[in-house]
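Q: One file is attached below, data-v4.cif, containing mmCIF, C-alpha atoms.
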```cif
data_target
loop_
_atom_site.label_atom_id
_atom_site.label_comp_id
_atom_site.auth_asym_id
_atom_site.auth_seq_id
_atom_site.Cartn_x
_atom_site.Cartn_y
_atom_site.Cartn_z
CA MET A 1 -218.40 -31.88 133.32
CA ARG A 2 -216.65 -31.41 129.98
CA ASP A 3 -213.64 -29.97 131.77
CA ALA A 4 -213.23 -33.00 134.00
CA TYR A 5 -213.55 -35.01 130.82
CA HIS A 6 -210.77 -33.23 129.01
CA GLU A 7 -208.60 -33.39 132.08
CA GLU A 8 -209.07 -37.15 132.13
CA LEU A 9 -208.26 -37.31 128.42
CA ASP A 10 -205.06 -35.30 129.00
CA SER A 11 -204.09 -37.54 131.83
CA ILE A 12 -204.47 -40.61 129.60
CA GLY A 13 -202.12 -38.86 127.19
CA GLU A 14 -199.65 -38.33 130.02
CA GLY A 15 -199.87 -42.02 130.85
CA LEU A 16 -199.00 -42.88 127.27
CA VAL A 17 -195.99 -40.58 127.40
CA GLU A 18 -194.86 -42.23 130.60
CA MET A 19 -195.19 -45.66 128.99
CA ALA A 20 -193.13 -44.48 126.01
CA ARG A 21 -190.44 -43.12 128.33
CA LEU A 22 -190.32 -46.35 130.31
CA VAL A 23 -189.99 -48.59 127.27
CA GLY A 24 -187.49 -46.24 125.61
CA SER A 25 -185.35 -46.43 128.71
CA ALA A 26 -185.87 -50.21 128.86
CA ILE A 27 -184.56 -50.83 125.35
CA GLY A 28 -181.50 -48.70 126.06
CA ARG A 29 -180.74 -50.50 129.31
CA ALA A 30 -181.50 -53.92 127.82
CA THR A 31 -179.00 -53.22 125.06
CA ALA A 32 -176.37 -52.17 127.60
CA SER A 33 -177.04 -55.26 129.73
CA MET A 34 -176.42 -57.41 126.69
CA LEU A 35 -173.35 -55.67 125.33
CA ASP A 36 -171.75 -55.57 128.79
CA ALA A 37 -173.06 -58.98 129.93
CA ASP A 38 -174.44 -57.21 133.02
CA LEU A 39 -176.79 -59.64 134.74
CA LYS A 40 -178.01 -57.19 137.37
CA LEU A 41 -179.00 -54.65 134.77
CA ALA A 42 -180.74 -57.35 132.72
CA GLU A 43 -182.71 -58.48 135.78
CA SER A 44 -183.78 -54.93 136.52
CA VAL A 45 -185.04 -54.43 132.96
CA ILE A 46 -186.98 -57.69 133.15
CA ALA A 47 -188.57 -56.73 136.49
CA ALA A 48 -189.38 -53.18 135.38
CA ASP A 49 -191.65 -54.38 132.58
CA GLN A 50 -194.34 -55.09 135.18
CA ARG A 51 -194.76 -51.35 135.62
CA VAL A 52 -195.40 -50.97 131.88
CA ASP A 53 -197.99 -53.74 131.94
CA ASP A 54 -199.68 -52.19 134.97
CA LEU A 55 -199.78 -48.81 133.29
CA GLN A 56 -201.37 -50.33 130.22
CA HIS A 57 -204.10 -52.01 132.25
CA GLU A 58 -204.70 -48.79 134.15
CA LEU A 59 -204.93 -46.70 130.98
CA GLU A 60 -207.26 -49.19 129.33
CA ALA A 61 -209.57 -49.27 132.31
CA ARG A 62 -209.66 -45.50 132.36
CA ALA A 63 -210.27 -45.24 128.61
CA ILE A 64 -213.17 -47.67 128.86
CA ALA A 65 -214.60 -45.87 131.89
CA LEU A 66 -214.40 -42.65 129.91
CA LEU A 67 -216.27 -44.20 126.99
CA ALA A 68 -218.99 -45.45 129.32
CA ARG A 69 -219.35 -42.25 131.35
CA GLN A 70 -218.90 -39.55 128.76
CA GLN A 71 -219.93 -41.30 125.58
CA PRO A 72 -217.72 -39.16 123.39
CA VAL A 73 -218.34 -38.79 119.67
CA ALA A 74 -216.32 -37.63 116.68
CA THR A 75 -212.78 -36.48 117.50
CA ASP A 76 -213.00 -37.26 121.20
CA LEU A 77 -214.11 -40.79 120.49
CA ARG A 78 -211.27 -41.18 118.02
CA ILE A 79 -208.80 -40.00 120.65
CA VAL A 80 -209.95 -42.55 123.21
CA VAL A 81 -209.96 -45.47 120.76
CA THR A 82 -206.55 -44.47 119.43
CA SER A 83 -205.16 -44.30 122.98
CA LEU A 84 -206.16 -47.91 123.45
CA ARG A 85 -204.16 -48.85 120.39
CA MET A 86 -201.15 -46.80 121.35
CA SER A 87 -201.04 -48.38 124.79
CA ALA A 88 -201.06 -51.82 123.12
CA ASP A 89 -198.11 -50.78 120.91
CA LEU A 90 -196.19 -49.50 123.90
CA GLU A 91 -196.90 -52.56 126.02
CA ARG A 92 -195.60 -54.77 123.22
CA SER A 93 -192.48 -52.62 122.87
CA GLY A 94 -191.85 -53.22 126.57
CA ASP A 95 -192.07 -56.97 125.96
CA LEU A 96 -189.49 -56.69 123.21
CA ALA A 97 -187.07 -54.78 125.45
CA GLN A 98 -187.64 -57.50 128.02
CA HIS A 99 -186.82 -60.17 125.40
CA VAL A 100 -183.47 -58.50 124.78
CA ALA A 101 -182.72 -58.48 128.52
CA LYS A 102 -183.80 -62.12 128.83
CA LEU A 103 -181.37 -63.08 126.10
CA ALA A 104 -178.60 -61.28 128.04
CA ARG A 105 -179.61 -63.23 131.15
CA LEU A 106 -179.79 -66.53 129.29
CA ARG A 107 -176.26 -66.24 127.93
CA PHE A 108 -174.67 -64.69 131.03
CA PRO A 109 -171.73 -64.67 131.77
CA GLN A 110 -171.14 -64.93 128.04
CA SER A 111 -171.94 -61.95 125.85
CA VAL A 112 -174.68 -62.53 123.29
CA VAL A 113 -173.11 -60.31 120.68
CA PRO A 114 -169.70 -60.96 119.08
CA HIS A 115 -167.30 -58.04 119.13
CA ASP A 116 -167.49 -57.35 115.42
CA LEU A 117 -171.24 -56.77 115.77
CA HIS A 118 -171.16 -54.62 118.92
CA ALA A 119 -171.23 -51.36 116.99
CA THR A 120 -174.19 -52.43 114.83
CA ILE A 121 -176.22 -53.70 117.78
CA LEU A 122 -175.37 -50.62 119.83
CA GLU A 123 -176.59 -48.48 116.96
CA MET A 124 -179.82 -50.48 116.69
CA GLY A 125 -180.40 -50.07 120.43
CA GLN A 126 -179.72 -46.36 120.32
CA LEU A 127 -181.90 -45.85 117.27
CA ALA A 128 -184.73 -47.81 118.91
CA GLN A 129 -184.48 -45.63 122.00
CA ARG A 130 -184.39 -42.46 119.89
CA LEU A 131 -187.41 -43.56 117.88
CA MET A 132 -189.37 -44.10 121.07
CA ALA A 133 -188.25 -40.73 122.47
CA LYS A 134 -189.53 -39.11 119.28
CA ALA A 135 -192.78 -41.04 119.53
CA ALA A 136 -193.23 -39.65 123.05
CA GLU A 137 -192.53 -36.16 121.73
CA VAL A 138 -195.09 -36.69 118.97
CA ILE A 139 -197.71 -37.66 121.57
CA ILE A 140 -196.97 -34.46 123.49
CA THR A 141 -196.63 -32.02 120.62
CA LYS A 142 -198.91 -33.68 118.05
CA ASP A 143 -196.30 -32.54 115.53
CA VAL A 144 -197.21 -34.23 112.25
CA ASP A 145 -193.89 -33.42 110.56
CA LEU A 146 -191.96 -35.02 113.40
CA ALA A 147 -194.26 -38.03 113.21
CA LEU A 148 -193.54 -38.46 109.52
CA GLN A 149 -189.79 -38.25 110.28
CA LEU A 150 -190.05 -41.48 112.23
CA GLU A 151 -190.67 -43.35 109.01
CA GLN A 152 -187.33 -42.16 107.69
CA ASP A 153 -185.63 -43.14 110.94
CA ASP A 154 -187.19 -46.52 110.55
CA ASP A 155 -185.54 -46.88 107.15
CA GLU A 156 -182.27 -46.50 109.03
CA MET A 157 -183.30 -49.39 111.27
CA ASP A 158 -184.06 -51.50 108.20
CA LEU A 159 -180.60 -50.68 106.88
CA LEU A 160 -178.96 -51.74 110.15
CA HIS A 161 -181.06 -54.88 110.10
CA ARG A 162 -179.79 -55.68 106.63
CA THR A 163 -176.20 -55.02 107.72
CA LEU A 164 -176.72 -57.51 110.51
CA PHE A 165 -178.01 -60.11 108.06
CA GLN A 166 -175.11 -59.52 105.71
CA HIS A 167 -172.73 -60.26 108.58
CA LEU A 168 -174.64 -63.42 109.37
CA MET A 169 -174.66 -64.63 105.79
CA ASP A 170 -171.02 -63.79 105.21
CA ASP A 171 -168.89 -66.88 104.57
CA ARG A 172 -166.42 -65.57 107.10
CA TRP A 173 -168.97 -65.83 109.95
CA LYS A 174 -167.04 -67.63 112.66
CA HIS A 175 -169.37 -67.41 115.67
CA GLY A 176 -171.32 -70.58 115.21
CA ILE A 177 -175.01 -71.34 115.02
CA GLU A 178 -176.09 -70.42 118.55
CA THR A 179 -174.82 -66.88 118.13
CA ALA A 180 -176.36 -66.68 114.66
CA VAL A 181 -179.73 -67.66 116.14
CA ASP A 182 -179.39 -65.13 118.97
CA VAL A 183 -178.39 -62.34 116.62
CA THR A 184 -181.28 -63.19 114.27
CA LEU A 185 -183.76 -62.89 117.13
CA LEU A 186 -182.14 -59.70 118.39
CA GLY A 187 -182.41 -58.12 114.98
CA ARG A 188 -186.06 -59.03 114.88
CA TYR A 189 -186.69 -57.56 118.37
CA TYR A 190 -185.16 -54.20 117.48
CA GLU A 191 -186.95 -54.08 114.16
CA ARG A 192 -190.32 -54.79 115.78
CA PHE A 193 -189.65 -52.29 118.57
CA ALA A 194 -189.02 -49.64 115.92
CA ASP A 195 -192.20 -50.65 114.07
CA HIS A 196 -194.25 -50.06 117.21
CA ALA A 197 -192.68 -46.62 117.77
CA VAL A 198 -193.53 -45.72 114.17
CA SER A 199 -197.03 -47.07 114.66
CA VAL A 200 -197.56 -44.83 117.71
CA ALA A 201 -196.47 -41.80 115.71
CA LYS A 202 -198.70 -42.77 112.79
CA ARG A 203 -201.69 -43.02 115.08
CA VAL A 204 -201.07 -39.46 116.22
CA VAL A 205 -201.00 -38.37 112.58
CA TYR A 206 -204.34 -40.05 112.08
CA LEU A 207 -205.73 -38.29 115.14
CA VAL A 208 -204.56 -34.88 114.04
CA THR A 209 -205.30 -35.06 110.32
CA GLY A 210 -207.97 -37.73 110.10
CA GLU A 211 -205.81 -39.32 107.42
CA HIS A 212 -203.58 -42.33 107.57
CA ALA A 213 -199.89 -41.44 107.62
CA ASP A 214 -199.22 -43.67 104.61
CA ASP A 215 -201.53 -41.61 102.44
CA LEU A 216 -199.81 -38.39 103.46
CA GLN A 217 -196.46 -39.52 102.15
CA ALA A 218 -197.38 -41.79 99.32
CA ALA A 219 -194.57 -40.19 97.36
CA ALA A 220 -191.91 -41.01 99.95
CA PRO A 221 -190.01 -44.30 99.65
CA GLY A 222 -191.62 -47.14 101.56
CA PRO A 223 -189.91 -49.18 104.26
CA VAL A 224 -187.65 -51.97 103.10
CA GLU A 225 -189.29 -55.33 103.24
CA SER A 226 -187.77 -57.74 105.71
CA ALA A 227 -188.16 -61.47 105.66
CA MET B 228 -233.10 -49.48 117.51
CA ARG B 229 -231.59 -51.88 120.00
CA ASP B 230 -232.26 -54.72 117.60
CA ALA B 231 -230.40 -53.09 114.77
CA TYR B 232 -227.66 -52.51 117.30
CA HIS B 233 -227.36 -56.14 118.30
CA GLU B 234 -227.52 -57.19 114.67
CA GLU B 235 -224.59 -54.91 113.96
CA LEU B 236 -222.74 -56.35 116.96
CA ASP B 237 -223.36 -59.89 115.69
CA SER B 238 -222.18 -58.95 112.27
CA ILE B 239 -218.93 -57.60 113.72
CA GLY B 240 -218.53 -60.98 115.42
CA GLU B 241 -219.06 -62.68 112.06
CA GLY B 242 -216.39 -60.45 110.54
CA LEU B 243 -213.95 -61.56 113.24
CA VAL B 244 -214.75 -65.21 112.53
CA GLU B 245 -214.13 -64.60 108.85
CA MET B 246 -210.78 -62.98 109.63
CA ALA B 247 -209.83 -65.95 111.82
CA ARG B 248 -210.76 -68.36 109.03
CA LEU B 249 -208.77 -66.42 106.46
CA VAL B 250 -205.61 -66.24 108.57
CA GLY B 251 -205.96 -69.88 109.66
CA SER B 252 -206.12 -70.89 106.01
CA ALA B 253 -203.24 -68.53 105.21
CA ILE B 254 -200.85 -70.09 107.73
CA GLY B 255 -201.69 -73.57 106.43
CA ARG B 256 -201.12 -72.57 102.83
CA ALA B 257 -198.01 -70.56 103.67
CA THR B 258 -196.54 -73.62 105.35
CA ALA B 259 -197.34 -75.77 102.31
CA SER B 260 -195.83 -73.18 99.95
CA MET B 261 -192.63 -73.31 101.98
CA LEU B 262 -192.34 -77.05 102.43
CA ASP B 263 -193.12 -77.67 98.75
CA ALA B 264 -191.23 -74.62 97.45
CA ASP B 265 -194.41 -73.65 95.59
CA LEU B 266 -193.96 -70.10 94.36
CA LYS B 267 -197.49 -69.72 93.02
CA LEU B 268 -199.02 -70.73 96.31
CA ALA B 269 -196.68 -68.39 98.20
CA GLU B 270 -197.68 -65.51 95.92
CA SER B 271 -201.35 -66.20 96.46
CA VAL B 272 -200.93 -66.19 100.26
CA ILE B 273 -199.04 -62.90 100.07
CA ALA B 274 -201.73 -61.32 97.89
CA ALA B 275 -204.60 -62.66 100.00
CA ASP B 276 -203.45 -60.78 103.10
CA GLN B 277 -204.90 -57.60 101.62
CA ARG B 278 -208.38 -59.00 102.22
CA VAL B 279 -207.53 -59.51 105.91
CA ASP B 280 -206.27 -55.94 106.20
CA ASP B 281 -209.37 -54.62 104.47
CA LEU B 282 -211.59 -56.61 106.79
CA GLN B 283 -209.80 -55.20 109.80
CA HIS B 284 -210.25 -51.62 108.62
CA GLU B 285 -213.88 -52.30 107.87
CA LEU B 286 -214.53 -53.86 111.28
CA GLU B 287 -212.75 -51.04 113.07
CA ALA B 288 -214.72 -48.41 111.24
CA ARG B 289 -217.94 -50.20 112.10
CA ALA B 290 -217.00 -50.65 115.75
CA ILE B 291 -216.20 -46.96 116.06
CA ALA B 292 -219.40 -45.98 114.30
CA LEU B 293 -221.28 -48.19 116.72
CA LEU B 294 -219.62 -46.51 119.70
CA ALA B 295 -220.54 -43.10 118.36
CA ARG B 296 -224.11 -43.92 117.39
CA GLN B 297 -225.21 -46.24 120.16
CA GLN B 298 -222.96 -45.23 123.02
CA PRO B 299 -223.06 -48.64 124.62
CA VAL B 300 -222.20 -49.14 128.28
CA ALA B 301 -221.23 -52.08 130.47
CA THR B 302 -221.11 -55.42 128.67
CA ASP B 303 -221.95 -54.02 125.25
CA LEU B 304 -219.16 -51.50 125.51
CA ARG B 305 -216.78 -54.22 126.55
CA ILE B 306 -217.77 -56.29 123.53
CA VAL B 307 -217.08 -53.49 121.08
CA VAL B 308 -213.72 -52.57 122.63
CA THR B 309 -212.70 -56.21 122.76
CA SER B 310 -213.61 -56.67 119.09
CA LEU B 311 -211.18 -53.91 118.23
CA ARG B 312 -208.44 -55.80 120.01
CA MET B 313 -209.32 -59.13 118.48
CA SER B 314 -209.26 -57.66 115.00
CA ALA B 315 -205.76 -56.31 115.72
CA ASP B 316 -204.60 -59.78 116.84
CA LEU B 317 -206.05 -61.35 113.72
CA GLU B 318 -204.57 -58.76 111.39
CA ARG B 319 -201.14 -59.37 112.91
CA SER B 320 -201.57 -63.13 112.52
CA GLY B 321 -202.23 -62.53 108.85
CA ASP B 322 -198.95 -60.61 108.61
CA LEU B 323 -197.11 -63.52 110.18
CA ALA B 324 -198.59 -66.00 107.70
CA GLN B 325 -197.52 -63.59 104.99
CA HIS B 326 -193.97 -63.52 106.42
CA VAL B 327 -193.80 -67.31 106.10
CA ALA B 328 -194.93 -67.09 102.47
CA LYS B 329 -192.43 -64.31 101.76
CA LEU B 330 -189.64 -66.48 103.07
CA ALA B 331 -190.78 -69.24 100.69
CA ARG B 332 -190.73 -66.74 97.85
CA LEU B 333 -187.34 -65.34 98.84
CA ARG B 334 -185.66 -68.75 98.78
CA PHE B 335 -187.48 -70.15 95.75
CA PRO B 336 -186.62 -72.48 94.00
CA GLN B 337 -184.76 -73.68 97.06
CA SER B 338 -186.75 -74.99 99.98
CA VAL B 339 -186.36 -72.99 103.19
CA VAL B 340 -186.63 -76.00 105.46
CA PRO B 341 -184.11 -78.87 105.45
CA HIS B 342 -185.61 -82.34 105.17
CA ASP B 343 -184.88 -83.36 108.74
CA LEU B 344 -186.99 -80.43 109.96
CA HIS B 345 -189.93 -80.88 107.58
CA ALA B 346 -191.95 -82.86 110.11
CA THR B 347 -191.43 -80.33 112.91
CA ILE B 348 -192.28 -77.34 110.73
CA LEU B 349 -195.28 -79.15 109.28
CA GLU B 350 -196.48 -79.82 112.81
CA MET B 351 -195.99 -76.18 113.80
CA GLY B 352 -197.97 -75.07 110.76
CA GLN B 353 -200.78 -77.52 111.45
CA LEU B 354 -200.91 -76.62 115.13
CA ALA B 355 -201.01 -72.92 114.27
CA GLN B 356 -203.90 -73.53 111.90
CA ARG B 357 -205.72 -75.64 114.48
CA LEU B 358 -205.24 -73.01 117.17
CA MET B 359 -206.78 -70.40 114.91
CA ALA B 360 -209.68 -72.71 114.00
CA LYS B 361 -210.34 -73.15 117.73
CA ALA B 362 -210.10 -69.41 118.29
CA ALA B 363 -212.78 -68.95 115.61
CA GLU B 364 -214.92 -71.56 117.33
CA VAL B 365 -214.45 -69.77 120.64
CA ILE B 366 -215.66 -66.52 119.07
CA ILE B 367 -218.76 -68.31 117.78
CA THR B 368 -219.59 -70.46 120.82
CA LYS B 369 -218.11 -68.30 123.61
CA ASP B 370 -217.08 -71.62 125.15
CA VAL B 371 -214.78 -70.73 128.06
CA ASP B 372 -213.50 -74.29 128.50
CA LEU B 373 -212.48 -74.47 124.87
CA ALA B 374 -210.82 -71.08 125.22
CA LEU B 375 -208.77 -72.29 128.16
CA GLN B 376 -207.74 -75.36 126.13
CA LEU B 377 -205.89 -73.10 123.73
CA GLU B 378 -203.34 -72.37 126.44
CA GLN B 379 -202.52 -76.06 126.63
CA ASP B 380 -202.26 -76.27 122.85
CA ASP B 381 -199.90 -73.36 123.01
CA ASP B 382 -197.65 -75.32 125.37
CA GLU B 383 -197.38 -77.83 122.53
CA MET B 384 -196.23 -75.02 120.26
CA ASP B 385 -193.60 -74.02 122.81
CA LEU B 386 -192.42 -77.61 122.88
CA LEU B 387 -192.13 -77.72 119.09
CA HIS B 388 -190.30 -74.43 119.18
CA ARG B 389 -187.80 -75.88 121.65
CA THR B 390 -187.36 -78.97 119.48
CA LEU B 391 -186.54 -76.66 116.60
CA PHE B 392 -183.96 -74.82 118.69
CA GLN B 393 -182.41 -78.07 119.84
CA HIS B 394 -181.93 -79.05 116.20
CA LEU B 395 -180.34 -75.70 115.48
CA MET B 396 -177.99 -75.89 118.44
CA ASP B 397 -177.02 -79.49 117.77
CA ASP B 398 -173.36 -79.85 116.82
CA ARG B 399 -174.43 -82.02 113.93
CA TRP B 400 -176.29 -79.09 112.28
CA LYS B 401 -175.10 -79.22 108.69
CA HIS B 402 -177.30 -76.71 106.94
CA GLY B 403 -175.26 -73.57 107.36
CA ILE B 404 -176.01 -70.16 108.75
CA GLU B 405 -178.52 -68.93 106.19
CA THR B 406 -180.83 -71.84 106.88
CA ALA B 407 -180.31 -71.43 110.63
CA VAL B 408 -181.38 -67.81 110.35
CA ASP B 409 -184.42 -68.72 108.25
CA VAL B 410 -185.48 -71.48 110.62
CA THR B 411 -185.03 -69.17 113.63
CA LEU B 412 -187.35 -66.60 112.07
CA LEU B 413 -189.84 -69.26 111.05
CA GLY B 414 -189.99 -70.58 114.59
CA ARG B 415 -190.64 -67.10 115.83
CA TYR B 416 -193.43 -66.52 113.28
CA TYR B 417 -195.29 -69.68 114.26
CA GLU B 418 -194.86 -68.97 117.95
CA ARG B 419 -196.21 -65.44 117.61
CA PHE B 420 -199.08 -66.64 115.41
CA ALA B 421 -200.06 -69.08 118.15
CA ASP B 422 -199.77 -66.32 120.78
CA HIS B 423 -202.26 -64.21 118.86
CA ALA B 424 -204.73 -67.11 118.55
CA VAL B 425 -204.46 -67.65 122.32
CA SER B 426 -204.92 -63.95 122.88
CA VAL B 427 -208.15 -63.93 120.85
CA ALA B 428 -209.50 -66.81 122.93
CA LYS B 429 -208.45 -65.10 126.18
CA ARG B 430 -210.30 -61.97 125.19
CA VAL B 431 -213.48 -64.01 124.73
CA VAL B 432 -212.97 -65.44 128.24
CA TYR B 433 -212.71 -61.92 129.56
CA LEU B 434 -215.89 -60.94 127.74
CA VAL B 435 -217.87 -63.86 129.07
CA THR B 436 -216.58 -63.98 132.64
CA GLY B 437 -215.33 -60.46 133.24
CA GLU B 438 -212.13 -62.06 134.47
CA HIS B 439 -208.77 -62.37 132.79
CA ALA B 440 -208.08 -65.90 131.56
CA ASP B 441 -204.79 -66.01 133.48
CA ASP B 442 -206.61 -65.58 136.80
CA LEU B 443 -209.02 -68.39 135.98
CA GLN B 444 -206.25 -70.94 135.67
CA ALA B 445 -203.61 -69.65 138.02
CA ALA B 446 -203.15 -73.24 139.15
CA ALA B 447 -202.37 -74.51 135.65
CA PRO B 448 -198.75 -74.51 134.45
CA GLY B 449 -197.79 -71.34 132.62
CA PRO B 450 -196.41 -71.21 129.11
CA VAL B 451 -192.75 -71.95 128.67
CA GLU B 452 -190.66 -68.87 128.38
CA SER B 453 -188.93 -68.41 125.09
CA ALA B 454 -185.94 -66.22 124.47
#
```
Re-express the file's structure as structure tokens.

A:
Amino acid sequence: MRDAYHEELDSIGEGLVEMARLVGSAIGRATASMLDADLKLAESVIAADQRVDDLQHELEARAIALLARQQPVATDLRIVVTSLRMSADLERSGDLAQHVAKLARLRFPQSVVPHDLHATILEMGQLAQRLMAKAAEVIITKDVDLALQLEQDDDEMDLLHRTLFQHLMDDRWKHGIETAVDVTLLGRYYERFADHAVSVAKRVVYLVTGEHADDLQAAAPGPVESA
Amino acid sequence: MRDAYHEELDSIGEGLVEMARLVGSAIGRATASMLDADLKLAESVIAADQRVDDLQHELEARAIALLARQQPVATDLRIVVTSLRMSADLERSGDLAQHVAKLARLRFPQSVVPHDLHATILEMGQLAQRLMAKAAEVIITKDVDLALQLEQDDDEMDLLHRTLFQHLMDDRWKHGIETAVDVTLLGRYYERFADHAVSVAKRVVYLVTGEHADDLQAAAPGPVESA
């Protein structure tokens, strides 16, 4: 009985990893669809989010069934409850990737991002995808050091976000209000996506150590505050 | 034993209602602090979010303890798991209210919102507060009809959000990029706050009926999609 239980627990973990892979791929493809003004790619990212939502519902149902059937306590209980939270983070990340693709679709055949911001947005998209890939790796390996690294990577995202804002606020901004609004939202989407990846990793830290990630690195510099 | 259990369950419900009241008040006061450029009020909203975070941690710890000790099944299990999700929605709403207050603080002594948008932003703030007050009422009364009403109220928020965007995109926009960026973020904060209030109400519908709110009103018009 306990073996079937742990198998089910492992398989929930595998589902979380699959979700992380799907949304990591989604943010990469959404970014490409936007930078290249590729409507077909944008549409495919938007449609693919359904799979992420389905996976979340499936994982939640299984986690709840596990609670009811096996009535885990202590660590096992913590694992199941934490899985529920991670799946919520990942589902939301999928929404954010979808938002990026929807913006690409909305502005097609125009490109959302002016040329002088391509590099910054590309970097934000790549960093977001990398953060999610690391989050998936953290779920698999339960590597606390790697998990804590994500916080530093997130500082990079905050830096890129600030660069974006500096461009926007620069007197030489020549792209008009609509583009400023789009770029503001984009920046927010990437920043939130990264936050969710960090959150997934932090939850693994909590699972492994029983301590909140923030307490483990109280000495490290905190994330930059964003408006 | 079962009585103590249901008392504990009720008291978790009361904690959720308190969280909803705190964040409803926070979004109202954050809006005022911004429209009036009131630094003291903004600071107090920012500081008060700690109480919301503490409440969430407390409720989560108690929900998990309840799962471990009482090992509920069926409806009771669903209630506890759903409480965990509601507390996450409410905590996030508190963050969003805090974001509004931080924007007020960042721009002080300037006002974030130009005069011709005061009325729209005021309405968004009031609607957000009202949505959260209704969500609290839904938690208390478990009134499914009231819960479904929140979806309609949220359509109003989408409408206000579109009004805001129309202002931004209007050729006569004279407030510059910085204000456009601020107003874009503000719009997003209110919209997300409303989404979380709706989500809380939907979760109550699921608890009461066992069905997802969306299925219950498939015939009703869906929310307007926002970029």

Q: Would you write out, as CSV, a table of all residues in chain B that have an atom no more than 6 Å from an atom of chain A, listing for each the closest atom pair and the distance in Å to one decimal, considering only C-alpha atoms and ordering rows by chain and rising residue number?

A:
```
residue,atom,partner,partner_atom,distance
B:Ala295,CA,A:Val73,CA,5.0
B:Gln298,CA,A:Gln71,CA,5.6
B:Val300,CA,A:Ala68,CA,5.0
B:Leu330,CA,A:Ala227,CA,5.8
B:Met396,CA,A:Glu178,CA,5.8
B:Glu405,CA,A:Met169,CA,5.8
B:Ala454,CA,A:Leu103,CA,5.8
```

Q: Just the residues within 10 Å of B:Glu285, please, counting all atoms listed in the file, with nothing from its chain fewer than 6 positions along; format it as a ChimeraX atom specification.

A: /B:239,242,279

Q: Between atom CA of B:Ala264 and atom CA of B:Leu344, what distance in Å does the model show, to one decimal?

A: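 Going from atom CA of B:Ala264 over to atom CA of B:Leu344 covers 14.4 Å.
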
Q: For atom CA of A:Gly187 and atom CA of B:Ser271, determine how far apart the two atoms are, in Å to one decimal place.

A: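 Atom-to-atom, atom CA of A:Gly187 to atom CA of B:Ser271, that is 27.7 Å.
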
Q: Counting all atoms listed in the file, find residues at most 9 Å from (-193.5, -38.5, 107.2) (file frame) and give them as a list in words.

A: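 Every residue inside that radius is included here: Val144, Asp145, Leu146, Ala147, Leu148, Gln149, Leu150, Glu151, Gln152, Lys202, Ala213, Asp214, Leu216, Gln217 and Ala220 of chain A.
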
Q: Find the residues around B:His439 up to 9 Å (all atoms listed in the file counted), leave out those fewer than 5 positions away in its own chain, and share them as a list of chain:residue names.

A: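 That gives B:Lys429, B:Arg430, B:Val432, B:Tyr433, B:Leu434.
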
Q: Would you work out the distance separating atom CA of B:Arg289 from atom CA of B:His233, expressed in Å to one decimal?

A: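 So the answer is 12.7 Å.
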
Q: Run the PyMOL selection byres ((chain A and resi 21) around 10) mentally over the shown coordinates, then write out the matched residues as a list in words, using the chain letters and numbers from the document.

A: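 With the PyMOL selection byres ((chain A and resi 21) around 10) on this model, the match is Gly15, Leu16, Val17, Glu18, Met19, Ala20, Leu22, Val23, Gly24, Ser25, Ala26, Val52, Leu90, Gln129, Met132, Ala133, Lys134, Ala135, Ala136 and Glu137 of chain A.
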
Q: Between A:Ser93, A:Ser83, A:Gln50, A:Thr75, which has the minimum distance to A:Phe193 (counting all atoms listed in the file)?

A: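 Closest to A:Phe193 of all the choices is A:Ser93.
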
Q: Around all the atoms of stretch 260-270 of chain B listed in the file, with 5 Å of room on each side, what axis-aligned box do you get, giving centre and edge lengths in Å to one decimal, as JSON?

A:
```
{"center_x": -195.1, "center_y": -71.6, "center_z": 97.7, "size_x": 17.8, "size_y": 22.2, "size_z": 19.4}
```

Q: Using the chain letters and numbers from the file, give me the residues hit by the PyMOL selection byres ((chain B and resi 266) around 8), as a ChimeraX atom specification.

A: /B:260,264-265,267-270,331-332,335-336

Q: Would you mind telling me which residue in B:Ala324, B:Ile306, B:Leu391, B:Ala274 lies nearest to B:Ala259 when using only C-alpha atoms?

A: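 Of all the options, B:Ala324 lies closest to B:Ala259.
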
Q: Might you pull out every residue within 8 Å of A:Asp154, with only C-alpha atoms counted and same-chain residues fewer than 2 positions away left off, and present them as a ChimeraX atom specification?

A: /A:131,150-152,156-158,194-195,198,223

Q: Using the block above, I'd like stretch 426-441 of chain B written out, keeping C-alpha atoms and formatting it as a short mmCIF file (atom, residue, chain, number, x, y, z; two decimals), in the first residue's frame.

A:
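Everything below was put into part38.cif:
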```cif
data_model
loop_
_atom_site.label_atom_id
_atom_site.label_comp_id
_atom_site.auth_asym_id
_atom_site.auth_seq_id
_atom_site.Cartn_x
_atom_site.Cartn_y
_atom_site.Cartn_z
CA SER B 426 -11.69 33.51 -7.72
CA VAL B 427 -12.48 33.41 -3.99
CA ALA B 428 -16.20 33.50 -4.75
CA LYS B 429 -15.84 30.78 -7.40
CA ARG B 430 -14.09 28.53 -4.94
CA VAL B 431 -17.04 28.87 -2.56
CA VAL B 432 -19.37 27.87 -5.43
CA TYR B 433 -17.25 24.81 -5.99
CA LEU B 434 -17.39 23.96 -2.30
CA VAL B 435 -21.15 24.28 -2.10
CA THR B 436 -22.13 22.70 -5.41
CA GLY B 437 -19.18 20.48 -6.24
CA GLU B 438 -19.21 22.12 -9.64
CA HIS B 439 -16.94 24.75 -11.09
CA ALA B 440 -18.60 28.16 -11.31
CA ASP B 441 -17.82 28.41 -15.02
#
```
